[in-house]
Amino acid sequence: MIAQSTLKLLRDRFRAAIGRIGGDPDADPGVRVATEARFGDFQCNAAMALARKLGLKPPEAAQRIVAAVAPELAEVVEPLEIANPGFINIRLRTSYLARCLESIEPPAAGAEDRLGLPKVAQPERVIVDYSSPNIAKQMHVGHLRSTIIGDAFVRVLGFQGHDVLRQNHIGDWGTAIGMVILGLWYIAARLQRGERPAEIEKRIAELHALRGKPDETRQPVLERIAAEWSLDLENQALDDFADADIQLEQLELGYIFVQALVAAIGPLVIRVKRDDLIAVPQKVTRMLQQGGPENELERRAWRRAREISVAYCQSLYDRLGVLLKPEDFRGESAYNDDLPRVITDLRLTLKPRDRSRPAADAYGELRIDQGATCVYLYDAKHQPRFKNPDGQELPMIVQKSDGAYLYATTDLAAIRYRLMECVFPAGKGATRIVYVTDARQKQHFEMFLAAARALGWLTPRVNVQHATFGSVLGEDKRPLKTRAGKNVKLAELLDEAESRALRTLDEKLDQETGPQRGPLDEAQRREIARRIGVGAVKYSDLVRDRNSDYVFSFDAMLAMEGNTAPYMLYAYARIRSIYRKVEARLGKLDPYGPDVRISLDRPEERTLALRLVRFADTLDIVAADLAPHVLCSYLFDLAGEFMRFFEACPVLQAESDSLRLSRMRLCDLTARTLRVGLGLLGIEPVERM
RNA sequence: GCGCCCGUAGCUCAGUAGGACAGAGCAGCGGAUUUCUAAUCCGCUGGUCGGGGGUUCGAAUCCCUCCGGGCGCGCCA
């Protein structure tokens with residue numbers, strides 16, 4: 001079998017050769033993809049460093065490397081060339097490229113197409129923590145990025161053969177949960193009274209309008225609303241609401257109402273029955289968290305709110321083609337019972353240190369400050385790792401002065417579970433954890449990961465990566481919002497992308513109804529447009545470096561030119577149409593037949609073949625750096641090189657039958673690579689467009 | 001104030017375990033089609049890699065400094 005990662009093969013050989021002639025056998029052998037095609041396919045830059053070490057001139061060092069490595073690579077590369085000052089230019093033998101591609105078997109029916117790539121020898125147990133919406137809220141663009149990027153990681157790491165566990169750490173507990181429950185009751189009661197959502201929206205607007213108004217203005221309005229609500233709570237059995245059949249949009253409306261109401265109260269005292277209204281949400285939160293039969297109503301309402309939210313999220317995941325499933329939802333509530341133990345562990349482990357001598361490593365200390373339980377983090381020189389704007393050391397608070405826990409506590413409980421308890425098919429405990437959140441949470445992650453290390457839970461053997469990403473901005477360069485200043489709803493965003501894609505598709509199809517395209521009926525068009533629209537939204541999220549902010553633009557993501565989903569899908573569809581055409585004219589041919597040889601005589605054929613062979617190297621980079629945009633760039637290059645091949649090298653009209661089969665094989669290998677590659681990005685291909 | 005991210009062609013962005021005259025797409029200009037899908041391909045134009053120092057045989061990439069932008073910084077998540 002031919003080694004599929006050519007870069008790895010070259011690296012190993014050069015490293016060994018450099019070791020044999022007196023260089024560092026563990027050092028980077030400096031093998032890179034060539035900076036320019038005229039320098040070959042790869043290059044080795046190790047001679048300059050080696051020359052210094054051995055007291056040689058760089059060209060001499062290069063000579064020695066070449067002499068040492070050449071015999072082992074005779075089958076793989078053309079004679080190595082040395083260029084000034086000491087670059088070694090590496091050009092793969094065309095016969096080697098052809099053999100690599102010939103070794104890729106046709107895809108087995110029903111099985112995953114692996115393009116001949118082996119799975120990793122040592123699978124990691126990876127947790128990818130992504131998406132993580134809050135309950136009772138519609139998903140918006142912020143969640144979109146985490147969801148799409150995280151899903152690409154899951155797919156790529158899974159494809160490589162790692163053991164991947166998806167975790168959707170949803171916000172289903174926390175201090176705001178009382179408002180969610182109250183919101184559920186409120187909306188259920190009002191709907192039962194026959195009120196329409198529009199009326200509730202009006203009431204919310206009324207509340208918002210009270211902001212900044214004098215107390216005398218606010219008081220009567222608030223009293224009136226509170227009185228109506230009290231009546232609901234008295235006259236209607238809360239039982240009836242516990243299983244309310246409402247949609248997430250309505251639940252969210254109720255929640256927003258409660259938020260608006262509380263915000264409008266300010267220093268006023270508004271009573272609902274015997275309670276001061278402003279304290280009711282916290283009271284409900286406490287009742288839920290205490291549990292027990294007397295708080296069963298709160299429990300049921302919480303469970304119902306969660307069900308509604310999970311069902312809503314799942315429908316969006318299904319629409320997006322995201323792998324997350326209900327069993328992957330393991331939110332904050334799952335760790336509630338572990339939180340006291342986290343505090344205990346912190347208390348027992350993070351003892352005060354002797355500062356007169358350096359510490360062995362970074363460490364943490366647990367202290368109570370103003371009633372809050374705090375973890376202070378220090379480096380080995382006893383310097384605080386984090387500071388507040390006043391220059392004082394900044395702790396991570398794990399328990400508030402009122403006894404409540406915070407997300408840092410939950411995150412610690414979650415990582416403990418993931419490292420020690422969570423079960424993979426191949427064993428217990430993750431060896432790699434990937435968190436996919438926006439970049440603003442970076443400091444929080446540094447803090448709680450430092451605490452996890454200080455606790456001894458997180459050891460250097462575990463690879464933890466915080467895959468951050470930038471914000472989605474509107475045309476005004478501010479975080480994307482609607483005209484009304486609301487978050488853009490994900491569902492509406494997808495609707496828009498799909499309908500724009502459909503409009504373009506219809507235009508094209510009406511313009512030219514060639515036999516390759518048509519005939520496509522309404523349902524087929526819609527399905528193609530759906531794939532283009534969803535694909536465009538996903539691709540535009542993946543195509544640039546995660547960390548950069550970007551301006552959301554339908555026009556840019558749906559452009560037919562450039563590094564976009566439509567261009568990729570077009571390239572794929574065009575290749576597929578060759579098959580239909582060849583079969584229509586010549587009957588069924590088997591480009592994978594035993595006598596078929598891949599011919600790479602034309603430069604366009606060779607360039608395409610080289611790109612195909614680089615797929616494995618690309619995936620290694622994507623997986624190691626968690627950089628989906630590297631895969632996008634690869635696929636874009638592949639598509640471009642295929643188009644060039646396609647322009648220059650006739651398939652149907654090839655000079656000979658064997659050349660036709662060779663080119664059909666190249667076409668199919670390209671199509672498969674595009675399909676697999678796009679699939680790893682979570683994008684479904686189209687057979688025609 | 002401290003910390004993190006960013007500044008590359010008119011626009012949008014690649015390129016950082018240092019490597020050869022800095023790449024692509026879009027836009028602009030000029031070509032290619034009795035089509036294997038022109039949602040394509042080819043060519044041209046276009047850059048003080050934010051400024052300045054330093055390390056190095058070699059710096060967009062590493063270090064220092066300054067300028068400009070974004071984000072974060074104690075009981076929210």
# chains A, B, ... in the order shown; residues from 1 in each chain; ligands from 1
call {"tool": "residues_around", "arguments": {"residues": "range 53-67 of chain B", "least_positions_apart": "3", "cutoff": "9 Å", "atoms": "only C-alpha atoms (C1' of nucleotides)", "output": "MDAnalysis selection string"}}
result
(chainID A and resid 48 85) or (chainID B and resid 8 15:16 18:19 22 49:50)
call {"tool": "residues_around", "arguments": {"residues": "Leu191 in chain A", "least_positions_apart": "3", "cutoff": "10 Å", "atoms": "only C-alpha atoms (C1' of nucleotides)", "output": "PyMOL selection string"}}
result
chain A and resi 185-188+194-197+200+244+246+250
call {"tool": "interface_residues", "arguments": {"of": "chain A", "to": "chain B", "cutoff": "8 Å", "atoms": "only C-alpha atoms (C1' of nucleotides)", "output": "ChimeraX atom specification"}}
result
/A:28,45,372,386-391,394-397,399-401,407,439-443,514,516-517,544,547-548,560-563,566-567,570,574,577-578,581,643-644,647,650-652
call {"tool": "write_last_selection", "arguments": {"atoms": "C-alpha atoms", "output": "PDB file, in the first residue's frame"}}
result
ATOM      1  CA  ASP A  28      12.024  19.668  11.996  1.00  0.00           C
ATOM      2  CA  ASN A  45      14.958  23.916   3.887  1.00  0.00           C
ATOM      3  CA  ALA A 372     -17.817  35.029  47.797  1.00  0.00           C
ATOM      4  CA  PHE A 386      -5.301  38.010  36.135  1.00  0.00           C
ATOM      5  CA  LYS A 387      -5.986  41.565  37.196  1.00  0.00           C
ATOM      6  CA  ASN A 388      -8.983  43.877  37.340  1.00  0.00           C
ATOM      7  CA  PRO A 389      -9.055  47.444  36.010  1.00  0.00           C
ATOM      8  CA  ASP A 390      -7.773  48.747  39.337  1.00  0.00           C
ATOM      9  CA  GLY A 391      -4.693  46.599  39.017  1.00  0.00           C
ATOM     10  CA  LEU A 394      -8.783  39.162  39.752  1.00  0.00           C
ATOM     11  CA  PRO A 395     -10.153  35.930  41.130  1.00  0.00           C
ATOM     12  CA  MET A 396     -12.487  33.451  39.530  1.00  0.00           C
ATOM     13  CA  ILE A 397     -15.623  33.382  41.636  1.00  0.00           C
ATOM     14  CA  GLN A 399     -19.729  30.622  44.651  1.00  0.00           C
ATOM     15  CA  LYS A 400     -21.523  33.909  45.174  1.00  0.00           C
ATOM     16  CA  SER A 401     -21.981  35.473  48.587  1.00  0.00           C
ATOM     17  CA  TYR A 407     -20.787  29.169  35.222  1.00  0.00           C
ATOM     18  CA  ALA A 439     -13.402  34.733  21.440  1.00  0.00           C
ATOM     19  CA  ARG A 440     -14.828  36.964  24.142  1.00  0.00           C
ATOM     20  CA  GLN A 441     -14.880  34.075  26.543  1.00  0.00           C
ATOM     21  CA  LYS A 442     -11.179  33.499  26.236  1.00  0.00           C
ATOM     22  CA  GLN A 443     -10.234  34.810  29.649  1.00  0.00           C
ATOM     23  CA  GLY A 514     -29.705  22.453 -21.825  1.00  0.00           C
ATOM     24  CA  GLN A 516     -27.460  18.703 -18.723  1.00  0.00           C
ATOM     25  CA  ARG A 517     -29.507  20.867 -16.431  1.00  0.00           C
ATOM     26  CA  ARG A 544     -12.079  32.329   6.751  1.00  0.00           C
ATOM     27  CA  ASN A 547     -10.819  34.254  14.788  1.00  0.00           C
ATOM     28  CA  SER A 548     -11.560  37.075  12.429  1.00  0.00           C
ATOM     29  CA  MET A 560     -21.107  32.278  -8.106  1.00  0.00           C
ATOM     30  CA  GLU A 561     -17.495  33.305  -8.469  1.00  0.00           C
ATOM     31  CA  GLY A 562     -14.756  32.988  -5.944  1.00  0.00           C
ATOM     32  CA  ASN A 563     -14.327  30.791  -2.918  1.00  0.00           C
ATOM     33  CA  PRO A 566     -22.132  27.859  -5.152  1.00  0.00           C
ATOM     34  CA  TYR A 567     -18.814  27.675  -7.006  1.00  0.00           C
ATOM     35  CA  TYR A 570     -21.107  23.904  -9.413  1.00  0.00           C
ATOM     36  CA  ARG A 574     -20.304  19.723 -13.583  1.00  0.00           C
ATOM     37  CA  SER A 577     -22.750  15.681 -15.575  1.00  0.00           C
ATOM     38  CA  ILE A 578     -19.804  14.242 -17.489  1.00  0.00           C
ATOM     39  CA  LYS A 581     -23.201  12.391 -20.692  1.00  0.00           C
ATOM     40  CA  MET A 643     -11.845  23.352 -14.129  1.00  0.00           C
ATOM     41  CA  ARG A 644      -8.501  23.965 -15.819  1.00  0.00           C
ATOM     42  CA  GLU A 647     -10.993  22.959 -20.193  1.00  0.00           C
ATOM     43  CA  PRO A 650     -11.342  16.350 -23.370  1.00  0.00           C
ATOM     44  CA  VAL A 651     -12.942  13.355 -21.740  1.00  0.00           C
ATOM     45  CA  LEU A 652     -15.743  12.371 -24.067  1.00  0.00           C
TER      46      LEU A 652
END
call {"tool": "atom_distance", "arguments": {"atom1": "CA of Asp590 in chain A", "atom2": "CA of Gly116 in chain A"}}
result
18.1 Å
call {"tool": "closest_residue", "arguments": {"among": "A:Gln247, A:Thr670, A:Thr564, A:Ser633", "to": "Phe646 in chain A", "atoms": "only C-alpha atoms"}}
result
A:Thr670
call {"tool": "residues_around", "arguments": {"residues": "Tyr335 in chain A", "least_positions_apart": "4", "cutoff": "10 Å", "atoms": "only C-alpha atoms (C1' of nucleotides)", "output": "PyMOL selection string"}}
result
chain A and resi 173+330-331+339+409-414+416-417
call {"tool": "closest_residue", "arguments": {"among": "A:Leu277, A:Gly110, A:Arg453, A:Gly178", "to": "Ala227 in chain A", "atoms": "only C-alpha atoms"}}
result
A:Leu277
call {"tool": "select_by_dssp", "arguments": {"residues": "range 325-564 of chain A", "states": "helix (DSSP H, G or I)", "output": "PyMOL selection string"}}
result
chain A and resi 326-328+332-349+407-420+439-454+490-511+522-542+554-557
call {"tool": "select_by_dssp", "arguments": {"residues": "range 452-588 of chain A", "states": "strand (DSSP E)", "output": "ChimeraX atom specification"}}
result
/A:463-469,472-473,550-551
call {"tool": "closest_residue", "arguments": {"among": "A:Arg271, A:Arg319, A:Arg665, A:Lys53", "to": "Glu105 in chain A", "atoms": "only C-alpha atoms"}}
result
A:Arg665
call {"tool": "residues_around", "arguments": {"residues": "Gln138 in chain A", "least_positions_apart": "3", "cutoff": "10 Å", "atoms": "only C-alpha atoms (C1' of nucleotides)", "output": "number ranges by chain"}}
result
A: 133-135, 143, 248-249, 251-252, 309, 312-313, 487-491
call {"tool": "write_last_selection", "arguments": {"atoms": "all heavy atoms", "output": "CSV table (one decimal), in the first residue's frame"}}
result
chain,number,residue,atom,x,y,z
A,133,PRO,N,-26.8,26.5,23.0
A,133,PRO,CA,-27.7,27.7,23.1
A,133,PRO,C,-28.3,27.7,24.5
A,133,PRO,O,-28.1,26.8,25.3
A,133,PRO,CB,-28.8,27.3,22.1
A,133,PRO,CG,-28.8,25.8,22.0
A,133,PRO,CD,-27.3,25.4,22.3
A,134,ASN,N,-29.0,28.8,24.8
A,134,ASN,CA,-29.8,28.9,26.1
A,134,ASN,C,-31.2,28.5,25.8
A,134,ASN,O,-31.7,28.7,24.7
A,134,ASN,CB,-29.7,30.3,26.6
A,134,ASN,CG,-28.4,30.7,27.1
A,134,ASN,OD1,-27.6,29.9,27.7
A,134,ASN,ND2,-28.0,31.9,26.8
A,135,ILE,N,-31.8,27.9,26.8
A,135,ILE,CA,-33.2,27.5,26.6
A,135,ILE,C,-34.1,28.8,26.6
A,135,ILE,O,-33.7,29.8,27.1
A,135,ILE,CB,-33.7,26.4,27.6
A,135,ILE,CG1,-33.9,27.0,29.0
A,135,ILE,CG2,-32.8,25.2,27.6
A,135,ILE,CD1,-34.6,26.1,29.9
A,143,HIS,N,-24.8,31.6,17.9
A,143,HIS,CA,-24.9,30.1,18.0
A,143,HIS,C,-24.6,29.4,16.7
A,143,HIS,O,-24.1,28.3,16.7
A,143,HIS,CB,-26.3,29.7,18.5
A,143,HIS,CG,-26.7,30.3,19.7
A,143,HIS,ND1,-27.7,31.2,19.8
A,143,HIS,CD2,-26.2,30.2,21.0
A,143,HIS,CE1,-27.9,31.6,21.1
A,143,HIS,NE2,-26.9,31.0,21.8
A,248,LEU,N,-41.5,27.5,20.8
A,248,LEU,CA,-40.4,28.2,21.5
A,248,LEU,C,-40.6,29.7,21.3
A,248,LEU,O,-40.3,30.5,22.2
A,248,LEU,CB,-39.1,27.8,20.9
A,248,LEU,CG,-38.0,28.6,21.6
A,248,LEU,CD1,-37.3,27.7,22.6
A,248,LEU,CD2,-37.0,29.2,20.6
A,249,GLU,N,-41.0,30.2,20.2
A,249,GLU,CA,-41.2,31.6,20.0
A,249,GLU,C,-42.1,32.2,21.1
A,249,GLU,O,-41.8,33.3,21.5
A,249,GLU,CB,-41.8,31.9,18.6
A,249,GLU,CG,-40.9,31.7,17.4
A,249,GLU,CD,-40.7,30.2,17.0
A,249,GLU,OE1,-41.3,29.4,17.7
A,249,GLU,OE2,-40.0,30.0,16.1
A,251,LEU,N,-42.7,30.8,24.1
A,251,LEU,CA,-42.0,30.7,25.4
A,251,LEU,C,-41.0,31.9,25.5
A,251,LEU,O,-40.9,32.5,26.6
A,251,LEU,CB,-41.2,29.4,25.4
A,251,LEU,CG,-40.3,29.2,26.6
A,251,LEU,CD1,-41.1,29.2,27.9
A,251,LEU,CD2,-39.6,27.8,26.5
A,252,GLU,N,-40.3,32.2,24.4
A,252,GLU,CA,-39.3,33.3,24.5
A,252,GLU,C,-40.0,34.6,24.7
A,252,GLU,O,-39.5,35.4,25.5
A,252,GLU,CB,-38.6,33.3,23.1
A,252,GLU,CG,-37.5,34.4,23.1
A,252,GLU,CD,-36.8,34.5,21.8
A,252,GLU,OE1,-37.5,34.3,20.7
A,252,GLU,OE2,-35.6,34.7,21.8
A,309,SER,N,-37.6,23.8,24.2
A,309,SER,CA,-36.3,24.4,23.7
A,309,SER,C,-35.5,23.3,22.9
A,309,SER,O,-35.0,23.6,21.8
A,309,SER,CB,-35.5,24.9,24.8
A,309,SER,OG,-36.2,25.9,25.5
A,312,TYR,N,-37.1,22.5,19.6
A,312,TYR,CA,-36.8,23.6,18.7
A,312,TYR,C,-35.4,23.6,18.1
A,312,TYR,O,-35.2,23.7,16.9
A,312,TYR,CB,-37.1,25.0,19.4
A,312,TYR,CG,-36.4,26.2,18.8
A,312,TYR,CD1,-36.9,26.8,17.7
A,312,TYR,CD2,-35.1,26.6,19.3
A,312,TYR,CE1,-36.2,27.9,17.2
A,312,TYR,CE2,-34.5,27.6,18.8
A,312,TYR,CZ,-35.0,28.3,17.7
A,312,TYR,OH,-34.3,29.4,17.1
A,313,CYS,N,-34.4,23.4,19.0
A,313,CYS,CA,-33.0,23.3,18.6
A,313,CYS,C,-32.8,22.2,17.6
A,313,CYS,O,-32.2,22.3,16.6
A,313,CYS,CB,-32.1,23.2,19.8
A,313,CYS,SG,-32.0,24.6,20.8
A,487,ASN,N,-31.9,40.3,17.6
A,487,ASN,CA,-31.0,39.3,17.1
A,487,ASN,C,-31.7,38.7,15.8
A,487,ASN,O,-32.9,38.5,15.8
A,487,ASN,CB,-30.7,38.2,18.1
A,487,ASN,CG,-29.7,38.6,19.1
A,487,ASN,OD1,-28.8,39.3,18.8
A,487,ASN,ND2,-29.9,38.1,20.3
A,488,VAL,N,-30.8,38.4,14.8
A,488,VAL,CA,-31.4,37.8,13.6
A,488,VAL,C,-31.7,36.3,13.8
A,488,VAL,O,-30.9,35.6,14.3
A,488,VAL,CB,-30.4,37.9,12.5
A,488,VAL,CG1,-30.9,37.3,11.2
A,488,VAL,CG2,-30.0,39.4,12.2
A,489,LYS,N,-32.9,36.0,13.6
A,489,LYS,CA,-33.3,34.6,13.8
A,489,LYS,C,-32.7,33.7,12.7
A,489,LYS,O,-32.8,34.0,11.5
A,489,LYS,CB,-34.8,34.5,13.8
A,489,LYS,CG,-35.5,35.2,14.9
A,489,LYS,CD,-37.0,35.3,14.7
A,489,LYS,CE,-37.6,36.3,15.7
A,489,LYS,NZ,-38.9,36.7,15.3
A,490,LEU,N,-32.2,32.6,13.2
A,490,LEU,CA,-31.5,31.7,12.3
A,490,LEU,C,-32.5,31.1,11.2
A,490,LEU,O,-32.1,31.0,10.1
A,490,LEU,CB,-31.0,30.5,13.2
A,490,LEU,CG,-29.8,29.7,12.7
A,490,LEU,CD1,-28.8,30.7,12.1
A,490,LEU,CD2,-29.2,29.0,13.9
A,491,ALA,N,-33.7,30.8,11.6
A,491,ALA,CA,-34.6,30.2,10.7
A,491,ALA,C,-34.9,31.2,9.5
A,491,ALA,O,-34.9,30.8,8.4
A,491,ALA,CB,-35.9,29.8,11.4
call {"tool": "residues_around", "arguments": {"residues": "Arg306 in chain A", "least_positions_apart": "5", "cutoff": "9 Å", "atoms": "only C-alpha atoms (C1' of nucleotides)", "output": "list in words"}}
result
Ile135, Ala136, Asp172, Ala301 and Ala311 of chain A
call {"tool": "residues_around", "arguments": {"residues": "Leu458 in chain A", "least_positions_apart": "3", "cutoff": "10 Å", "atoms": "only C-alpha atoms (C1' of nucleotides)", "output": "PyMOL selection string"}}
result
chain A and resi 415-416+419-420+431+449-455+461-464
call {"tool": "atom_distance", "arguments": {"atom1": "CA of Gly171 in chain A", "atom2": "CA of Gln465 in chain A"}}
result
21.0 Å
call {"tool": "residues_around", "arguments": {"residues": "Gly679 in chain A", "least_positions_apart": "4", "cutoff": "10 Å", "atoms": "only C-alpha atoms (C1' of nucleotides)", "output": "list in words"}}
result
Ala152, Arg155, Val156, Thr673, Leu674, Arg675, Ile683, Glu684 and Pro685 of chain A
call {"tool": "write_last_selection", "arguments": {"atoms": "N, CA and C atoms", "output": "mmCIF file, in the first residue's frame"}}
result
data_model
loop_
_atom_site.group_PDB
_atom_site.id
_atom_site.type_symbol
_atom_site.label_atom_id
_atom_site.label_comp_id
_atom_site.auth_asym_id
_atom_site.auth_seq_id
_atom_site.Cartn_x
_atom_site.Cartn_y
_atom_site.Cartn_z
ATOM 1 N N ALA A 152 -18.081 20.810 12.034
ATOM 2 C CA ALA A 152 -16.999 20.474 11.098
ATOM 3 C C ALA A 152 -15.877 19.742 11.841
ATOM 4 N N ARG A 155 -16.875 16.168 12.428
ATOM 5 C CA ARG A 155 -16.802 15.353 11.210
ATOM 6 C C ARG A 155 -15.362 15.035 10.823
ATOM 7 N N VAL A 156 -14.498 16.040 10.870
ATOM 8 C CA VAL A 156 -13.107 15.820 10.456
ATOM 9 C C VAL A 156 -12.412 14.842 11.410
ATOM 10 N N THR A 673 -13.473 13.437 -3.909
ATOM 11 C CA THR A 673 -12.749 14.269 -2.953
ATOM 12 C C THR A 673 -13.571 15.501 -2.590
ATOM 13 N N LEU A 674 -14.219 16.087 -3.607
ATOM 14 C CA LEU A 674 -15.085 17.238 -3.319
ATOM 15 C C LEU A 674 -16.244 16.820 -2.413
ATOM 16 N N ARG A 675 -16.830 15.675 -2.722
ATOM 17 C CA ARG A 675 -17.983 15.243 -1.934
ATOM 18 C C ARG A 675 -17.588 14.943 -0.493
ATOM 19 N N ILE A 683 -21.551 20.027 4.303
ATOM 20 C CA ILE A 683 -22.271 20.563 3.147
ATOM 21 C C ILE A 683 -22.654 19.431 2.191
ATOM 22 N N GLU A 684 -23.930 19.392 1.843
ATOM 23 C CA GLU A 684 -24.431 18.367 0.929
ATOM 24 C C GLU A 684 -24.226 18.812 -0.517
ATOM 25 N N PRO A 685 -23.731 17.923 -1.365
ATOM 26 C CA PRO A 685 -23.510 18.293 -2.755
ATOM 27 C C PRO A 685 -24.814 18.254 -3.548
#
call {"tool": "closest_residue", "arguments": {"among": "B:G28, B:C21, B:G68, B:C11", "to": "G51 in chain B", "atoms": "only C-alpha atoms (C1' of nucleotides)"}}
result
B:G68
